[in-house]
$ cat query09.txt   # compact mmCIF, C-alpha atoms
# COMPACT_ATOMS: atom_id res chain seq x y z
CA MET A 1 111.80 52.79 -5.27
CA LYS A 2 111.59 49.38 -3.60
CA ASN A 3 108.53 47.18 -3.21
CA ILE A 4 108.77 45.46 0.17
CA LYS A 5 106.66 42.37 0.91
CA ILE A 6 106.24 41.26 4.51
CA ILE A 7 104.56 38.31 6.21
CA LEU A 8 102.74 39.31 9.40
CA GLU A 9 101.55 37.25 12.34
CA TYR A 10 99.19 38.94 14.76
CA ASP A 11 96.73 38.52 17.58
CA GLY A 12 93.76 40.69 16.58
CA THR A 13 92.20 40.90 20.04
CA ASN A 14 93.20 44.49 20.79
CA TYR A 15 92.52 45.96 17.35
CA ALA A 16 89.48 47.35 15.54
CA GLY A 17 90.33 45.17 12.54
CA TRP A 18 92.93 45.58 9.83
CA GLN A 19 91.77 48.70 8.00
CA TRP A 20 92.85 52.17 9.13
CA GLN A 21 90.05 54.09 10.86
CA PRO A 22 90.28 57.55 12.41
CA GLY A 23 90.37 57.43 16.19
CA GLN A 24 90.70 53.62 16.27
CA VAL A 25 93.67 51.36 16.98
CA THR A 26 94.00 49.20 13.88
CA LEU A 27 96.60 46.80 12.56
CA GLN A 28 97.17 48.84 9.41
CA GLY A 29 97.56 52.04 11.38
CA THR A 30 99.99 50.42 13.81
CA LEU A 31 102.14 49.07 10.97
CA GLU A 32 102.11 52.38 9.08
CA GLU A 33 103.20 54.22 12.23
CA ALA A 34 106.10 51.78 12.59
CA VAL A 35 107.08 52.45 8.96
CA ARG A 36 106.95 56.21 9.59
CA LYS A 37 109.21 55.88 12.64
CA THR A 38 111.61 53.70 10.68
CA SER A 39 112.03 55.67 7.44
CA GLY A 40 110.16 58.94 7.99
CA GLU A 41 107.73 58.09 5.17
CA GLU A 42 103.99 58.69 5.35
CA LEU A 43 102.57 55.87 3.25
CA ARG A 44 99.74 53.38 2.98
CA VAL A 45 100.48 49.67 3.12
CA THR A 46 98.45 47.15 1.11
CA ALA A 47 97.29 43.87 2.68
CA SER A 48 96.01 40.74 0.96
CA GLY A 49 92.63 41.57 2.49
CA ARG A 50 90.97 43.07 5.53
CA THR A 51 90.48 41.11 8.71
CA ASP A 52 87.69 42.08 11.09
CA ALA A 53 88.09 43.20 14.69
CA GLY A 54 89.25 40.27 16.80
CA VAL A 55 90.42 38.11 13.86
CA HIS A 56 93.98 36.73 13.99
CA ALA A 57 96.60 35.87 11.36
CA TYR A 58 99.49 33.47 11.03
CA GLY A 59 100.37 34.67 7.54
CA GLN A 60 98.92 38.01 6.49
CA VAL A 61 100.78 39.39 3.45
CA VAL A 62 101.47 43.12 3.09
CA ASN A 63 103.44 45.20 0.64
CA PHE A 64 104.50 48.84 0.49
CA LYS A 65 106.65 50.94 -1.82
CA THR A 66 109.46 52.86 -0.22
CA GLU A 67 112.33 55.12 -1.18
CA SER A 68 114.34 53.93 1.81
CA ILE A 69 117.65 52.16 1.18
CA LEU A 70 116.99 49.71 4.02
CA GLU A 71 117.40 46.05 3.09
CA PRO A 72 114.48 43.66 3.80
CA TRP A 73 116.22 42.07 6.79
CA ALA A 74 116.62 45.55 8.29
CA TRP A 75 112.92 46.32 7.78
CA LYS A 76 112.02 43.14 9.66
CA GLY A 77 114.04 44.07 12.72
CA ALA A 78 113.15 47.76 12.68
CA LEU A 79 109.39 47.22 12.38
CA ASN A 80 109.32 44.57 15.09
CA HIS A 81 111.23 46.92 17.38
CA ARG A 82 108.57 49.60 16.89
CA MET A 83 105.42 47.46 17.13
CA PRO A 84 103.66 45.93 20.15
CA PRO A 85 104.33 42.25 20.91
CA ASP A 86 100.98 41.11 19.48
CA ILE A 87 102.18 41.94 15.93
CA ARG A 88 105.31 40.47 14.39
CA VAL A 89 106.96 40.60 10.96
CA LEU A 90 108.02 37.01 10.26
CA GLU A 91 109.65 37.60 6.87
CA ALA A 92 110.50 40.54 4.61
CA TYR A 93 111.45 40.46 0.92
CA ASP A 94 112.15 42.66 -2.08
CA GLU A 95 109.41 42.09 -4.65
CA ASP A 96 108.88 43.04 -8.28
CA GLU A 97 107.39 46.48 -8.85
CA GLU A 98 104.14 44.92 -10.12
CA PHE A 99 103.52 42.78 -7.04
CA SER A 100 100.44 43.63 -4.96
CA ALA A 101 99.59 41.73 -1.79
CA ARG A 102 95.92 42.12 -2.70
CA HIS A 103 95.69 41.90 -6.46
CA SER A 104 98.39 39.26 -7.02
CA ALA A 105 96.77 36.78 -4.60
CA ARG A 106 95.41 33.56 -6.12
CA GLY A 107 93.92 32.02 -3.00
CA LYS A 108 93.69 32.06 0.79
CA GLU A 109 93.46 29.54 3.55
CA TYR A 110 91.78 30.07 6.92
CA GLU A 111 91.28 28.13 10.12
CA TYR A 112 88.41 28.48 12.53
CA VAL A 113 88.65 27.06 16.05
CA VAL A 114 85.75 25.95 18.26
CA ILE A 115 86.15 24.86 21.88
CA ASN A 116 83.39 22.29 22.36
CA ARG A 117 82.78 21.65 26.05
CA PRO A 118 80.21 22.69 28.65
CA MET A 119 82.40 25.26 30.43
CA PRO A 120 83.93 28.25 28.57
CA SER A 121 87.72 28.38 28.46
CA PRO A 122 89.37 31.43 30.04
CA ILE A 123 92.53 30.66 28.06
CA TYR A 124 90.81 30.55 24.67
CA ARG A 125 88.19 33.23 25.30
CA ASN A 126 89.84 35.56 22.74
CA HIS A 127 91.04 32.80 20.40
CA ALA A 128 88.14 30.39 19.85
CA TRP A 129 84.37 30.16 19.84
CA HIS A 130 83.00 28.36 22.87
CA VAL A 131 80.14 26.02 21.90
CA GLY A 132 78.66 24.36 24.99
CA TYR A 133 76.41 21.74 23.38
CA THR A 134 77.67 18.47 21.90
CA LEU A 135 78.54 18.63 18.19
CA ASP A 136 78.24 15.80 15.69
CA VAL A 137 81.50 16.19 13.78
CA ASP A 138 80.62 13.55 11.18
CA ALA A 139 77.40 15.41 10.33
CA MET A 140 79.36 18.67 9.95
CA ARG A 141 81.80 16.92 7.60
CA ASP A 142 78.90 15.63 5.52
CA GLY A 143 77.37 19.12 5.35
CA ALA A 144 80.73 20.66 4.40
CA GLY A 145 80.90 18.45 1.32
CA TYR A 146 78.06 20.39 -0.33
CA LEU A 147 80.14 23.59 -0.24
CA ILE A 148 83.20 22.33 -2.11
CA GLY A 149 83.56 23.66 -5.65
CA GLU A 150 82.23 26.75 -7.42
CA HIS A 151 78.94 28.11 -6.07
CA ASP A 152 76.88 31.22 -5.59
CA PHE A 153 77.52 31.92 -1.88
CA THR A 154 74.84 34.60 -1.43
CA SER A 155 73.39 32.65 1.51
CA LEU A 156 76.78 32.66 3.22
CA ARG A 157 77.98 36.22 2.80
CA ALA A 158 77.26 39.33 4.85
CA ARG A 159 74.21 41.26 3.78
CA ASP A 160 76.35 44.38 3.29
CA CYS A 161 79.03 42.55 1.29
CA ALA A 162 80.14 44.84 -1.54
CA ALA A 163 81.57 42.16 -3.85
CA LYS A 164 80.19 42.41 -7.38
CA SER A 165 79.76 38.66 -7.73
CA PRO A 166 78.75 36.16 -5.04
CA VAL A 167 80.34 33.28 -6.96
CA ARG A 168 83.41 31.79 -5.29
CA THR A 169 85.32 28.50 -5.41
CA LEU A 170 86.23 26.45 -2.34
CA TYR A 171 88.87 23.77 -2.88
CA LYS A 172 89.11 22.71 0.78
CA LEU A 173 86.70 22.51 3.71
CA GLU A 174 87.80 20.07 6.40
CA VAL A 175 86.44 19.52 9.92
CA GLU A 176 88.76 17.89 12.46
CA GLN A 177 88.30 17.13 16.14
CA ASP A 178 91.08 16.83 18.72
CA GLY A 179 89.47 16.33 22.10
CA GLU A 180 87.45 19.44 22.92
CA ARG A 181 88.99 21.39 20.03
CA VAL A 182 87.19 21.38 16.67
CA LYS A 183 89.03 22.97 13.74
CA PHE A 184 87.58 24.03 10.39
CA SER A 185 90.17 24.40 7.60
CA VAL A 186 88.92 26.40 4.62
CA GLY A 187 90.71 27.14 1.35
CA GLY A 188 89.43 29.05 -1.65
CA SER A 189 90.29 31.27 -4.57
CA ALA A 190 88.76 34.29 -2.80
CA PHE A 191 86.25 34.98 -0.05
CA LEU A 192 83.20 37.17 0.50
CA LYS A 193 82.64 39.28 3.61
CA HIS A 194 82.03 37.02 6.64
CA MET A 195 81.92 33.99 4.33
CA VAL A 196 84.11 31.72 6.48
CA ARG A 197 82.36 32.74 9.70
CA ASN A 198 78.95 32.13 8.11
CA ILE A 199 80.04 28.72 6.83
CA VAL A 200 81.19 27.77 10.33
CA GLY A 201 78.01 29.12 11.93
CA THR A 202 75.91 27.05 9.53
CA LEU A 203 77.93 23.86 10.01
CA VAL A 204 77.72 24.24 13.79
CA GLU A 205 73.92 24.28 13.38
CA VAL A 206 74.31 20.99 11.50
CA GLY A 207 76.50 19.67 14.31
CA ARG A 208 73.90 20.46 16.95
CA GLY A 209 71.08 18.93 14.90
CA ARG A 210 69.15 22.04 13.89
CA PHE A 211 70.00 21.39 10.23
CA ALA A 212 70.53 18.05 8.52
CA PRO A 213 73.72 17.77 6.44
CA GLU A 214 71.71 17.83 3.20
CA ASP A 215 70.07 21.09 4.28
CA VAL A 216 73.36 22.83 3.47
CA LYS A 217 72.71 22.21 -0.23
CA VAL A 218 69.20 23.67 0.11
CA ILE A 219 70.56 26.71 1.98
CA LEU A 220 73.16 27.32 -0.73
CA GLU A 221 70.59 27.06 -3.53
CA ALA A 222 68.20 29.45 -1.73
CA LYS A 223 70.60 32.39 -2.20
CA ASP A 224 69.11 33.90 0.94
CA ARG A 225 71.23 34.84 3.97
CA THR A 226 68.29 34.36 6.34
CA LYS A 227 68.17 30.63 5.54
CA ALA A 228 71.69 29.92 6.84
CA GLY A 229 73.11 29.75 10.34
CA PRO A 230 74.50 32.62 12.43
CA THR A 231 77.79 34.39 11.87
CA ALA A 232 80.41 32.71 14.05
CA PRO A 233 82.28 35.12 16.38
CA ALA A 234 85.41 36.79 15.07
CA GLN A 235 87.84 35.54 17.70
CA GLY A 236 87.90 31.96 16.38
CA LEU A 237 89.11 32.94 12.89
CA TYR A 238 92.73 32.84 11.68
CA LEU A 239 94.16 33.78 8.28
CA VAL A 240 96.69 30.99 7.76
CA GLN A 241 98.28 31.81 4.41
CA VAL A 242 97.87 33.67 1.15
CA ILE A 243 98.68 31.87 -2.08
CA TYR A 244 100.36 33.63 -5.04

$ encode --input "query09.txt" --output "structure tokens"
Amino acid sequence: MKNIKIILEYDGTNYAGWQWQPGQVTLQGTLEEAVRKTSGEELRVTASGRTDAGVHAYGQVVNFKTESILEPWAWKGALNHRMPPDIRVLEAYDEDEEFSARHSARGKEYEYVVINRPMPSPIYRNHAWHVGYTLDVDAMRDGAGYLIGEHDFTSLRARDCAAKSPVRTLYKLEVEQDGERVKFSVGGSAFLKHMVRNIVGTLVEVGRGRFAPEDVKVILEAKDRTKAGPTAPAQGLYLVQVIY
């Protein structure tokens, strides 16, 4: 029995998220069908975490256990041959039996992209959030500083988040502007449901002047989702890498 680890890049536009769902086209289901066509095995693959419908990835990590004698390099070519062009296996490795893409992870890094200009972009309509009003990037940076470190992120997680604890640690939250493109880079030990999108939605409210930067601290301490900003749309979010 081999434990194969793969690194996936994908455009999530055409998928109902990562997780397999009956009657839906999902990333997990598409990958598992490619495995079945390659080795004849009916199996479940394990990802580092679920991504929502419309979310993209540069470096999703997946593992699966197989009885196939195929070498990792052969899995890479075979799976790519059997999957649509919006999903690609970038790397494939043999891993130790104990390795789990989900449970062995020690951290993740995400990017979120905003196109900040009056007119929506037809090119980025599925790959960024269009924000038409002017954003104060310095104010967003100041607000982001209150989120670094270990905190109770109840105010910034989905109301239906099933995580047992709302406490998480962020070690990076950067806001950069390049012309009309504003990028949020977020790194942490683990994330709650919609946490990154809620952080971005709240900081955008700071950028447009609805919240002051110091209000972010008050929002965090309130432990109340209704006090924070909206959930940013899925299409601007990218899973960049998983840290082991």

$ atom_distance --input "query09.txt" --atom1 "atom CA of Val216 of chain A" --atom2 "atom CA of Tyr146 of chain A"
6.5 Å

$ atom_distance --input "query09.txt" --atom1 "atom CA of Arg44 of chain A" --atom2 "atom CA of Ala57 of chain A"
19.7 Å

$ closest_residue --input "query09.txt" --among "A:Met1, A:Asn116, A:Asp178, A:Ala190" --to "Ser165 of chain A" --atoms "all atoms listed in the file"
A:Ala190

$ residues_around --input "query09.txt" --residues "segment 199-204 of chain A" --least-positions-apart "2" --cutoff "6 Å" --atoms "all atoms listed in the file" --output "list in words"
Met140, Val196, Arg197, Val206, Gly207, Ala228, Gly229, Pro230, Thr231 and Ala232 of chain A

$ write_last_selection --input "query09.txt" --atoms "C-alpha atoms" --output "short mmCIF file (atom, residue, chain, number, x, y, z; two decimals), in the frame of the given file"
data_model
loop_
_atom_site.label_atom_id
_atom_site.label_comp_id
_atom_site.auth_asym_id
_atom_site.auth_seq_id
_atom_site.Cartn_x
_atom_site.Cartn_y
_atom_site.Cartn_z
CA MET A 140 79.36 18.67 9.95
CA VAL A 196 84.11 31.72 6.48
CA ARG A 197 82.36 32.74 9.70
CA VAL A 206 74.31 20.99 11.50
CA GLY A 207 76.50 19.67 14.31
CA ALA A 228 71.69 29.92 6.84
CA GLY A 229 73.11 29.75 10.34
CA PRO A 230 74.50 32.62 12.43
CA THR A 231 77.79 34.39 11.87
CA ALA A 232 80.41 32.71 14.05
#

$ residues_around --input "query09.txt" --residues "segment 235-238 of chain A" --least-positions-apart "2" --cutoff "7 Å" --atoms "all atoms listed in the file" --output "list of chain:residue names"
A:Gly54, A:Val55, A:His56, A:Ala57, A:Tyr58, A:Tyr110, A:Glu111, A:Tyr112, A:Val113, A:Val114, A:Asn126, A:His127, A:Ala128, A:Trp129, A:Pro233, A:Val240

$ closest_residue --input "query09.txt" --among "A:Lys2, A:Arg50, A:His130, A:Arg82" --to "Glu180 of chain A" --atoms "all atoms listed in the file"
A:His130

$ decode --input "query09.txt" --residues "segment 194-229 of chain A" --atoms "C-alpha atoms" --output "compact mmCIF listing (two decimals), in the first residue's frame"
# COMPACT_ATOMS: atom_id res chain seq x y z
CA HIS A 194 -15.14 31.78 6.18
CA MET A 195 -12.52 33.31 8.48
CA VAL A 196 -10.32 34.78 5.74
CA ARG A 197 -13.30 36.08 3.77
CA ASN A 198 -14.75 37.68 6.90
CA ILE A 199 -11.42 39.29 7.74
CA VAL A 200 -11.24 40.77 4.25
CA GLY A 201 -14.85 41.93 4.36
CA THR A 202 -14.21 43.69 7.66
CA LEU A 203 -10.97 45.33 6.51
CA VAL A 204 -12.66 46.57 3.34
CA GLU A 205 -15.21 48.30 5.60
CA VAL A 206 -12.23 49.95 7.31
CA GLY A 207 -10.85 50.93 3.91
CA ARG A 208 -14.07 52.63 2.88
CA GLY A 209 -14.38 54.46 6.20
CA ARG A 210 -17.33 52.65 7.78
CA PHE A 211 -15.05 51.34 10.54
CA ALA A 212 -12.01 53.02 12.04
CA PRO A 213 -8.87 50.85 12.24
CA GLU A 214 -9.19 50.59 16.03
CA ASP A 215 -12.75 49.30 15.64
CA VAL A 216 -11.25 45.98 14.52
CA LYS A 217 -10.04 45.40 18.09
CA VAL A 218 -13.53 46.17 19.43
CA ILE A 219 -15.12 43.82 16.88
CA LEU A 220 -12.74 41.01 17.84
CA GLU A 221 -13.41 41.46 21.56
CA ALA A 222 -17.20 41.49 21.01
CA LYS A 223 -17.18 37.81 19.95
CA ASP A 224 -20.26 38.57 17.87
CA ARG A 225 -20.41 37.92 14.12
CA THR A 226 -22.99 40.67 13.60
CA LYS A 227 -20.47 43.33 14.68
CA ALA A 228 -18.02 42.59 11.85
CA GLY A 229 -18.13 43.32 8.14
